[in-house]
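Peer 1: Dropping in protein.pdb, which is PDB, C-alpha atoms:
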```pdb
ATOM      1  CA  MET U   1     109.654  67.351 143.630
ATOM      2  CA  ALA U   2     108.483  69.895 141.046
ATOM      3  CA  ARG U   3     107.396  73.263 142.343
ATOM      4  CA  VAL U   4     103.840  74.336 141.569
ATOM      5  CA  LEU U   5     103.064  77.989 140.975
ATOM      6  CA  ASP U   6      99.938  79.439 142.547
ATOM      7  CA  LEU U   7      97.760  80.891 139.785
ATOM      8  CA  SER U   8      96.060  83.296 142.217
ATOM      9  CA  ALA U   9      99.446  84.625 143.222
ATOM     10  CA  LEU U  10     100.476  84.918 139.584
ATOM     11  CA  ARG U  11      97.301  86.880 138.850
ATOM     12  CA  SER U  12      98.151  89.274 141.671
ATOM     13  CA  PHE U  13     101.749  89.508 140.453
ATOM     14  CA  VAL U  14     100.595  90.488 136.957
ATOM     15  CA  ALA U  15      98.251  93.087 138.452
ATOM     16  CA  VAL U  16     101.069  94.569 140.545
ATOM     17  CA  ALA U  17     103.331  94.743 137.486
ATOM     18  CA  GLU U  18     100.668  96.352 135.313
ATOM     19  CA  CYS U  19      99.361  98.747 137.966
ATOM     20  CA  GLY U  20     102.812  99.754 139.194
ATOM     21  CA  GLY U  21     102.089  99.093 142.839
ATOM     22  CA  VAL U  22     100.521  96.807 145.405
ATOM     23  CA  THR U  23      97.814  99.255 146.486
ATOM     24  CA  ARG U  24      96.415  99.768 142.992
ATOM     25  CA  ALA U  25      96.607  96.050 142.268
ATOM     26  CA  ALA U  26      94.717  95.270 145.472
ATOM     27  CA  ASN U  27      91.951  97.680 144.475
ATOM     28  CA  LEU U  28      91.762  96.122 141.014
ATOM     29  CA  LEU U  29      91.554  92.600 142.420
ATOM     30  CA  ASN U  30      89.199  93.565 145.237
ATOM     31  CA  LEU U  31      91.715  92.297 147.807
ATOM     32  CA  THR U  32      93.385  93.933 150.765
ATOM     33  CA  GLN U  33      96.862  95.356 150.346
ATOM     34  CA  SER U  34      98.230  92.967 152.956
ATOM     35  CA  ALA U  35      96.727  89.972 151.100
ATOM     36  CA  VAL U  36      98.460  90.943 147.873
ATOM     37  CA  SER U  37     101.727  91.606 149.690
ATOM     38  CA  MET U  38     101.559  88.171 151.306
ATOM     39  CA  GLN U  39     100.929  86.539 147.912
ATOM     40  CA  MET U  40     103.998  88.296 146.504
ATOM     41  CA  LYS U  41     106.098  87.125 149.438
ATOM     42  CA  ARG U  42     104.936  83.504 149.102
ATOM     43  CA  LEU U  43     105.592  83.598 145.358
ATOM     44  CA  GLU U  44     109.139  84.859 145.897
ATOM     45  CA  ASP U  45     109.752  82.293 148.619
ATOM     46  CA  SER U  46     108.499  79.439 146.434
ATOM     47  CA  LEU U  47     110.888  80.431 143.640
ATOM     48  CA  ASP U  48     113.669  81.609 145.926
ATOM     49  CA  VAL U  49     114.139  84.791 143.868
ATOM     50  CA  ALA U  50     113.230  88.464 144.277
ATOM     51  CA  LEU U  51     110.521  89.473 141.827
ATOM     52  CA  LEU U  52     109.914  93.059 142.947
ATOM     53  CA  ASP U  53     112.467  95.816 143.439
ATOM     54  CA  ARG U  54     111.294  97.547 146.606
ATOM     55  CA  SER U  55     114.216  99.968 146.884
ATOM     56  CA  SER U  56     112.242 102.878 145.454
ATOM     57  CA  ARG U  57     108.814 104.363 146.182
ATOM     58  CA  SER U  58     107.308 102.819 143.053
ATOM     59  CA  VAL U  59     107.346  99.089 142.552
ATOM     60  CA  ALA U  60     109.576  97.832 139.722
ATOM     61  CA  LEU U  61     110.297  94.335 138.501
ATOM     62  CA  THR U  62     113.644  92.655 138.891
ATOM     63  CA  ALA U  63     115.151  90.773 135.952
ATOM     64  CA  ALA U  64     113.618  87.575 137.328
ATOM     65  CA  GLY U  65     110.285  89.359 137.702
ATOM     66  CA  GLU U  66     110.360  90.510 134.091
ATOM     67  CA  GLN U  67     110.980  86.944 132.988
ATOM     68  CA  LEU U  68     108.179  85.557 135.147
ATOM     69  CA  LEU U  69     105.727  88.198 133.873
ATOM     70  CA  GLY U  70     105.689  86.701 130.374
ATOM     71  CA  TYR U  71     105.174  83.184 131.689
ATOM     72  CA  SER U  72     102.458  84.377 134.070
ATOM     73  CA  ARG U  73     100.441  85.986 131.307
ATOM     74  CA  LYS U  74     100.625  82.837 129.183
ATOM     75  CA  MET U  75      99.650  80.567 132.083
ATOM     76  CA  LEU U  76      96.720  82.752 133.100
ATOM     77  CA  ALA U  77      95.494  83.040 129.511
ATOM     78  CA  LEU U  78      95.619  79.256 129.084
ATOM     79  CA  ASN U  79      93.878  78.748 132.422
ATOM     80  CA  ASP U  80      91.118  81.196 131.535
ATOM     81  CA  GLU U  81      90.650  79.625 128.108
ATOM     82  CA  ALA U  82      90.354  76.126 129.602
ATOM     83  CA  VAL U  83      87.862  77.253 132.222
ATOM     84  CA  SER U  84      85.805  79.099 129.616
ATOM     85  CA  ARG U  85      85.715  76.140 127.238
ATOM     86  CA  LEU U  86      84.709  73.675 129.935
ATOM     87  CA  THR U  87      82.207  75.752 131.861
ATOM     88  CA  ASP U  88      80.659  78.179 129.349
ATOM     89  CA  PRO U  89      76.981  77.170 129.239
ATOM     90  CA  ILE U  90      75.974  79.402 126.314
ATOM     91  CA  TYR U  91      76.271  76.780 123.555
ATOM     92  CA  GLU U  92      75.337  73.250 124.496
ATOM     93  CA  GLY U  93      73.293  70.444 123.020
ATOM     94  CA  SER U  94      73.607  68.774 119.641
ATOM     95  CA  LEU U  95      73.250  69.456 115.943
ATOM     96  CA  THR U  96      72.422  66.873 113.290
ATOM     97  CA  LEU U  97      73.699  67.521 109.782
ATOM     98  CA  GLY U  98      72.594  65.296 106.925
ATOM     99  CA  VAL U  99      74.778  65.071 103.815
ATOM    100  CA  PRO U 100      74.619  62.707 100.824
ATOM    101  CA  HIS U 101      77.669  60.456 101.021
ATOM    102  CA  ASP U 102      78.860  61.455  97.554
ATOM    103  CA  ILE U 103      79.304  65.134  98.477
ATOM    104  CA  VAL U 104      80.852  64.694 101.916
ATOM    105  CA  TYR U 105      84.106  65.620 100.193
ATOM    106  CA  PRO U 106      85.653  68.041  99.637
ATOM    107  CA  HIS U 107      83.877  70.607 101.851
ATOM    108  CA  ILE U 108      82.249  68.925 104.846
ATOM    109  CA  PRO U 109      85.422  68.059 106.846
ATOM    110  CA  GLY U 110      86.533  71.696 106.747
ATOM    111  CA  VAL U 111      83.077  72.953 107.701
ATOM    112  CA  LEU U 112      82.873  70.599 110.682
ATOM    113  CA  LYS U 113      86.392  71.483 111.817
ATOM    114  CA  ARG U 114      85.646  75.195 111.888
ATOM    115  CA  PHE U 115      82.236  74.670 113.502
ATOM    116  CA  ASN U 116      83.791  72.591 116.271
ATOM    117  CA  ALA U 117      86.396  75.271 116.915
ATOM    118  CA  GLU U 118      83.652  77.853 117.393
ATOM    119  CA  PHE U 119      81.172  75.641 119.283
ATOM    120  CA  PRO U 120      83.195  72.974 121.109
ATOM    121  CA  ARG U 121      80.302  72.185 123.483
ATOM    122  CA  VAL U 122      77.877  71.353 120.669
ATOM    123  CA  GLN U 123      77.865  67.669 119.734
ATOM    124  CA  VAL U 124      77.615  67.220 115.973
ATOM    125  CA  HIS U 125      75.943  64.173 114.433
ATOM    126  CA  LEU U 126      76.760  63.648 110.750
ATOM    127  CA  LEU U 127      74.129  61.594 108.941
ATOM    128  CA  SER U 128      75.263  60.362 105.538
ATOM    129  CA  SER U 129      72.543  58.913 103.333
ATOM    130  CA  TYR U 130      70.640  59.381 100.100
ATOM    131  CA  THR U 131      68.822  62.617  99.326
ATOM    132  CA  ARG U 132      65.421  60.959  99.542
ATOM    133  CA  LYS U 133      66.126  59.544 102.991
ATOM    134  CA  LEU U 134      67.602  62.829 104.159
ATOM    135  CA  ARG U 135      64.496  64.716 103.029
ATOM    136  CA  ASP U 136      62.337  62.243 104.973
ATOM    137  CA  ALA U 137      64.518  62.626 108.097
ATOM    138  CA  PHE U 138      64.352  66.413 107.793
ATOM    139  CA  ALA U 139      60.556  66.301 107.468
ATOM    140  CA  ARG U 140      60.366  64.229 110.676
ATOM    141  CA  GLY U 141      62.549  66.757 112.504
ATOM    142  CA  ASP U 142      65.456  64.341 112.829
ATOM    143  CA  CYS U 143      67.914  66.719 111.144
ATOM    144  CA  ASP U 144      68.622  70.370 111.831
ATOM    145  CA  ILE U 145      70.299  70.920 108.459
ATOM    146  CA  ILE U 146      70.544  68.824 105.322
ATOM    147  CA  LEU U 147      72.282  69.113 101.994
ATOM    148  CA  THR U 148      70.692  67.415  98.998
ATOM    149  CA  THR U 149      71.498  66.695  95.371
ATOM    150  CA  GLU U 150      68.403  67.375  93.280
ATOM    151  CA  ASP U 151      67.404  68.488  89.804
ATOM    152  CA  ARG U 152      65.500  71.452  91.252
ATOM    153  CA  VAL U 153      65.164  73.434  94.457
ATOM    154  CA  ALA U 154      62.119  72.335  96.424
ATOM    155  CA  GLU U 155      60.041  74.581  98.653
ATOM    156  CA  GLY U 156      62.000  75.704 101.675
ATOM    157  CA  GLY U 157      65.331  74.938 100.041
ATOM    158  CA  GLU U 158      68.201  77.148  99.012
ATOM    159  CA  GLY U 159      70.397  76.403  96.036
ATOM    160  CA  LEU U 160      74.099  76.529  96.851
ATOM    161  CA  ALA U 161      75.667  75.240  93.646
ATOM    162  CA  GLU U 162      74.868  73.577  90.344
ATOM    163  CA  LEU U 163      77.328  71.003  89.043
ATOM    164  CA  PRO U 164      77.336  68.633  86.077
ATOM    165  CA  LEU U 165      77.415  64.897  86.522
ATOM    166  CA  VAL U 166      80.580  63.347  85.111
ATOM    167  CA  TRP U 167      81.581  59.788  84.416
ATOM    168  CA  ALA U 168      83.884  58.297  87.050
ATOM    169  CA  GLY U 169      85.858  55.097  87.350
ATOM    170  CA  ALA U 170      89.194  53.555  88.244
ATOM    171  CA  PRO U 171      92.275  55.696  87.565
ATOM    172  CA  GLY U 172      93.529  54.640  84.151
ATOM    173  CA  GLY U 173      90.699  52.128  83.886
ATOM    174  CA  SER U 174      89.092  50.746  80.756
ATOM    175  CA  ALA U 175      85.636  49.682  81.992
ATOM    176  CA  TRP U 176      84.139  52.734  80.256
ATOM    177  CA  LYS U 177      85.069  51.199  76.881
ATOM    178  CA  SER U 178      83.020  48.035  77.437
ATOM    179  CA  ARG U 179      79.704  47.450  75.664
ATOM    180  CA  PRO U 180      77.272  46.973  77.116
ATOM    181  CA  LEU U 181      78.563  49.647  79.480
ATOM    182  CA  ARG U 182      79.000  48.194  82.974
ATOM    183  CA  LEU U 183      77.407  50.486  85.584
ATOM    184  CA  GLY U 184      77.814  50.536  89.360
ATOM    185  CA  PHE U 185      75.230  52.257  91.587
ATOM    186  CA  GLU U 186      73.370  51.904  94.855
ATOM    187  CA  PRO U 187      69.664  51.113  94.343
ATOM    188  CA  ALA U 188      68.514  54.402  95.926
ATOM    189  CA  CYS U 189      71.069  56.668  94.232
ATOM    190  CA  GLY U 190      69.373  59.682  92.656
ATOM    191  CA  PHE U 191      71.854  59.707  89.768
ATOM    192  CA  ARG U 192      71.051  56.168  88.669
ATOM    193  CA  ALA U 193      67.861  56.760  86.674
ATOM    194  CA  PRO U 194      69.074  59.933  84.897
ATOM    195  CA  VAL U 195      72.264  58.143  83.783
ATOM    196  CA  GLN U 196      70.266  55.205  82.425
ATOM    197  CA  GLN U 197      67.947  57.575  80.552
ATOM    198  CA  VAL U 198      70.880  59.395  78.946
ATOM    199  CA  LEU U 199      72.415  56.101  77.813
ATOM    200  CA  ASP U 200      69.098  54.915  76.412
ATOM    201  CA  ALA U 201      68.685  58.174  74.501
ATOM    202  CA  ALA U 202      72.211  57.806  73.095
ATOM    203  CA  GLY U 203      71.548  54.215  72.036
ATOM    204  CA  ILE U 204      74.273  52.797  74.293
ATOM    205  CA  ASP U 205      73.519  49.412  75.817
ATOM    206  CA  TRP U 206      74.255  49.143  79.523
ATOM    207  CA  ASP U 207      74.279  46.546  82.269
ATOM    208  CA  MET U 208      73.958  47.078  86.033
ATOM    209  CA  ALA U 209      77.122  45.145  86.807
ATOM    210  CA  VAL U 210      77.625  46.370  90.381
ATOM    211  CA  GLU U 211      74.751  47.012  92.755
ATOM    212  CA  SER U 212      74.968  47.319  96.531
ATOM    213  CA  ASP U 213      73.313  49.183  99.379
ATOM    214  CA  SER U 214      76.833  49.991 100.586
ATOM    215  CA  SER U 215      78.386  53.031  98.921
ATOM    216  CA  ARG U 216      81.778  51.781 100.077
ATOM    217  CA  ALA U 217      81.267  48.446  98.293
ATOM    218  CA  VAL U 218      80.296  50.233  95.088
ATOM    219  CA  GLU U 219      83.352  52.505  95.298
ATOM    220  CA  VAL U 220      85.655  49.528  95.821
ATOM    221  CA  SER U 221      84.203  47.846  92.742
ATOM    222  CA  LEU U 222      84.603  51.002  90.691
ATOM    223  CA  SER U 223      88.217  51.425  91.813
ATOM    224  CA  ALA U 224      88.825  47.809  90.740
ATOM    225  CA  ASP U 225      87.667  48.800  87.227
ATOM    226  CA  LEU U 226      84.652  46.503  87.365
ATOM    227  CA  ALA U 227      82.238  49.256  86.339
ATOM    228  CA  VAL U 228      81.757  53.001  85.939
ATOM    229  CA  SER U 229      79.416  55.408  87.658
ATOM    230  CA  ALA U 230      78.588  59.103  87.793
ATOM    231  CA  VAL U 231      79.546  61.747  90.346
ATOM    232  CA  LEU U 232      79.188  65.496  90.566
ATOM    233  CA  SER U 233      82.157  67.256  89.041
ATOM    234  CA  GLY U 234      84.898  67.837  91.606
ATOM    235  CA  THR U 235      83.567  65.351  94.159
ATOM    236  CA  ALA U 236      85.224  62.108  93.037
ATOM    237  CA  PRO U 237      87.060  60.417  95.937
ATOM    238  CA  GLY U 238      90.811  59.953  95.676
ATOM    239  CA  HIS U 239      90.613  56.331  94.519
ATOM    240  CA  LEU U 240      88.447  57.271  91.526
ATOM    241  CA  GLU U 241      88.866  59.753  88.715
ATOM    242  CA  GLU U 242      86.730  61.568  86.199
ATOM    243  CA  ILE U 243      86.877  59.640  82.952
ATOM    244  CA  THR U 244      88.371  61.338  79.910
ATOM    245  CA  HIS U 245      86.368  59.531  77.251
ATOM    246  CA  GLY U 246      86.748  61.910  74.317
ATOM    247  CA  GLY U 247      83.047  61.883  73.531
ATOM    248  CA  ALA U 248      82.646  58.109  73.640
ATOM    249  CA  LEU U 249      80.148  58.548  76.462
ATOM    250  CA  PRO U 250      77.241  61.014  76.446
ATOM    251  CA  ALA U 251      77.172  64.217  78.477
ATOM    252  CA  LEU U 252      75.224  63.936  81.716
ATOM    253  CA  PRO U 253      72.732  66.359  83.291
ATOM    254  CA  THR U 254      73.478  68.894  86.007
ATOM    255  CA  PHE U 255      72.293  68.634  89.592
ATOM    256  CA  LYS U 256      71.804  71.247  92.265
ATOM    257  CA  ILE U 257      73.295  71.079  95.740
ATOM    258  CA  ASN U 258      70.565  72.447  97.988
ATOM    259  CA  LEU U 259      70.485  73.516 101.616
ATOM    260  CA  TYR U 260      67.540  73.019 103.973
ATOM    261  CA  VAL U 261      67.606  74.517 107.461
ATOM    262  CA  SER U 262      65.060  73.705 110.174
ATOM    263  CA  ARG U 263      63.011  76.316 111.971
ATOM    264  CA  ALA U 264      65.630  76.184 114.709
ATOM    265  CA  GLY U 265      67.955  77.782 112.179
ATOM    266  CA  THR U 266      67.648  81.141 113.924
ATOM    267  CA  GLU U 267      69.571  79.704 116.882
ATOM    268  CA  THR U 268      73.224  80.626 116.706
ATOM    269  CA  PRO U 269      74.907  77.195 116.294
ATOM    270  CA  VAL U 270      72.491  76.044 113.579
ATOM    271  CA  ALA U 271      72.616  79.392 111.803
ATOM    272  CA  ARG U 272      76.405  79.427 111.961
ATOM    273  CA  CYS U 273      76.676  75.921 110.518
ATOM    274  CA  ALA U 274      74.384  76.957 107.665
ATOM    275  CA  ASP U 275      76.564  80.015 107.014
ATOM    276  CA  LEU U 276      79.688  77.849 106.925
ATOM    277  CA  LEU U 277      78.055  75.537 104.391
ATOM    278  CA  ARG U 278      77.021  78.481 102.224
ATOM    279  CA  ALA U 279      80.545  79.861 102.353
ATOM    280  CA  ALA U 280      82.069  76.485 101.439
ATOM    281  CA  TYR U 281      80.002  76.154  98.280
ATOM    282  CA  THR U 282      79.977  79.794  97.184
ATOM    283  CA  GLY U 283      83.550  80.706  98.083
ATOM    284  CA  THR U 284      82.445  83.421 100.490
ATOM    285  CA  VAL U 285      85.057  84.411 103.072
ATOM    286  CA  LEU U 286      83.593  84.329 106.576
ATOM    287  CA  ARG U 287      84.948  86.000 109.656
ATOM    288  CA  GLY U 288      84.618  84.707 113.215
ATOM    289  CA  ALA U 289      81.351  83.727 114.836
ATOM    290  CA  ALA U 290      78.787  86.490 115.222
TER     291      ALA U 290
END
```
What's the structure tokens form of this structure?

Peer 2:
Amino acid sequence: MARVLDLSALRSFVAVAECGGVTRAANLLNLTQSAVSMQMKRLEDSLDVALLDRSSRSVALTAAGEQLLGYSRKMLALNDEAVSRLTDPIYEGSLTLGVPHDIVYPHIPGVLKRFNAEFPRVQVHLLSSYTRKLRDAFARGDCDIILTTEDRVAEGGEGLAELPLVWAGAPGGSAWKSRPLRLGFEPACGFRAPVQQVLDAAGIDWDMAVESDSSRAVEVSLSADLAVSAVLSGTAPGHLEEITHGGALPALPTFKINLYVSRAGTETPVARCADLLRAAYTGTVLRGAA
């Protein structure tokens, strides 16, 4: 049967080693000297080794004691970390972050990973939808923070980045060469109307070949080279690519990525999440949580 070390005894053992004696360790731990001495004796008996060299007036560690000291510190540190993570009541509750599906990558996974490391007791809800729906949810108080893709910064918003729209389609695809140009968009996509207007202005006929309320269905169709679409530069998913058309397609307008934070943004978890989002889009290097 495996032997189990007593963490209380290990804590006393570390105190004895660091204080250089049982009496000082007892005072530090607010225990009696006899209680600490008994813990040391039980610890030695359980391991069947001498941990303390009692041959001199000052307490010294034996070779076995020196070895156990390193393990004891690691075990106590891990114990204290686990207890702190599971019982610390400072940060609890939930946070709802709304992000348009087409800009979830590349930054949001990293932001959420770091936020979770700093606030493990805060439950994060990621809402992925269109900008218009996210603005409505934010207005109702259903989201603490939202990112949007818009042509301007509305009242209460904060511009994080401005990126051009680019044509996107299947890697190595040829759908962009077709005329009329086959397009693939969701009905509520904010990029849909601007793209159509640019094509009309350029005199390029187009056809809405792929239309679905499911962004995943549209992406699958695009990756199958059934149509082309538009994404913000640098945000194309791995199964699509920015089209190198050599001027055969018109340039597209730029859009802003904006941040909106609720009035609860002064609370530490919400404020920290907003800071992480700012850093992700501006390249700012952040240190640990304030």

Peer 1: To verify the selection step, state as a PyMOL selection string which residues the PyMOL selection byres ((chain U and resi 61-69) around 10) yields on this input.

Peer 2: chain U and resi 10-11+13-14+16-18+20+44+47+49-54+59-60+70-75

Peer 1: Could you tell me how far atom CA of U:Arg263 lies from atom CA of U:Ala154, in Å and to one decimal?

Peer 2: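 Atom CA of U:Ala154 lies at a distance of 16.1 Å from atom CA of U:Arg263.
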
Peer 1: Could you give me, as a count of residues only, the residues within 12 Å of U:Trp206, counting all atoms listed in the file and dropping anything in the same chain fewer than 4 positions from it?

Peer 2: 24

Peer 1: If you apply the PyMOL selection byres ((chain U and resi 142-145) around 10) to this file, what residues do you get, as a PyMOL selection string?

Peer 2: chain U and resi 94-99+125-127+134-141+146-147+259-265+270-271+273-274+277

Peer 1: I need the residue nearest U:Pro269 from this list: U:His101, U:Arg121, U:Arg24, U:Lys113. Use all atoms listed in the file for the distance.

Peer 2: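 Nearest to U:Pro269: U:Arg121.
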
Peer 1: Using the chain letters and numbering of this document, enumerate as a list in words the residues selected by the PyMOL selection byres ((chain U and resi 282) around 12).

Peer 2: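 Evaluating the PyMOL selection byres ((chain U and resi 282) around 12) on this file yields His107, Gly159, Leu160, Ala161, Glu162, Ile257, Asn258, Asp275, Leu276, Leu277, Arg278, Ala279, Ala280, Tyr281, Gly283, Thr284, Val285 and Leu286 of chain U.
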
Peer 1: Would you list the contacts of U:Glu241 as a compact mmCIF listing (two decimals) with C-alpha atoms, in the frame of the given file, taking every protein, DNA or RNA residue within 8 Å and counting all atoms listed in the file, but skipping same-chain residues closer than 2 positions in sequence?

Peer 2:
```
# COMPACT_ATOMS: atom_id res chain seq x y z
CA ALA U 168 83.88 58.30 87.05
CA GLY U 169 85.86 55.10 87.35
CA ALA U 170 89.19 53.56 88.24
CA PRO U 171 92.28 55.70 87.56
CA ALA U 236 85.22 62.11 93.04
CA PRO U 237 87.06 60.42 95.94
CA GLY U 238 90.81 59.95 95.68
CA HIS U 239 90.61 56.33 94.52
CA ILE U 243 86.88 59.64 82.95
```
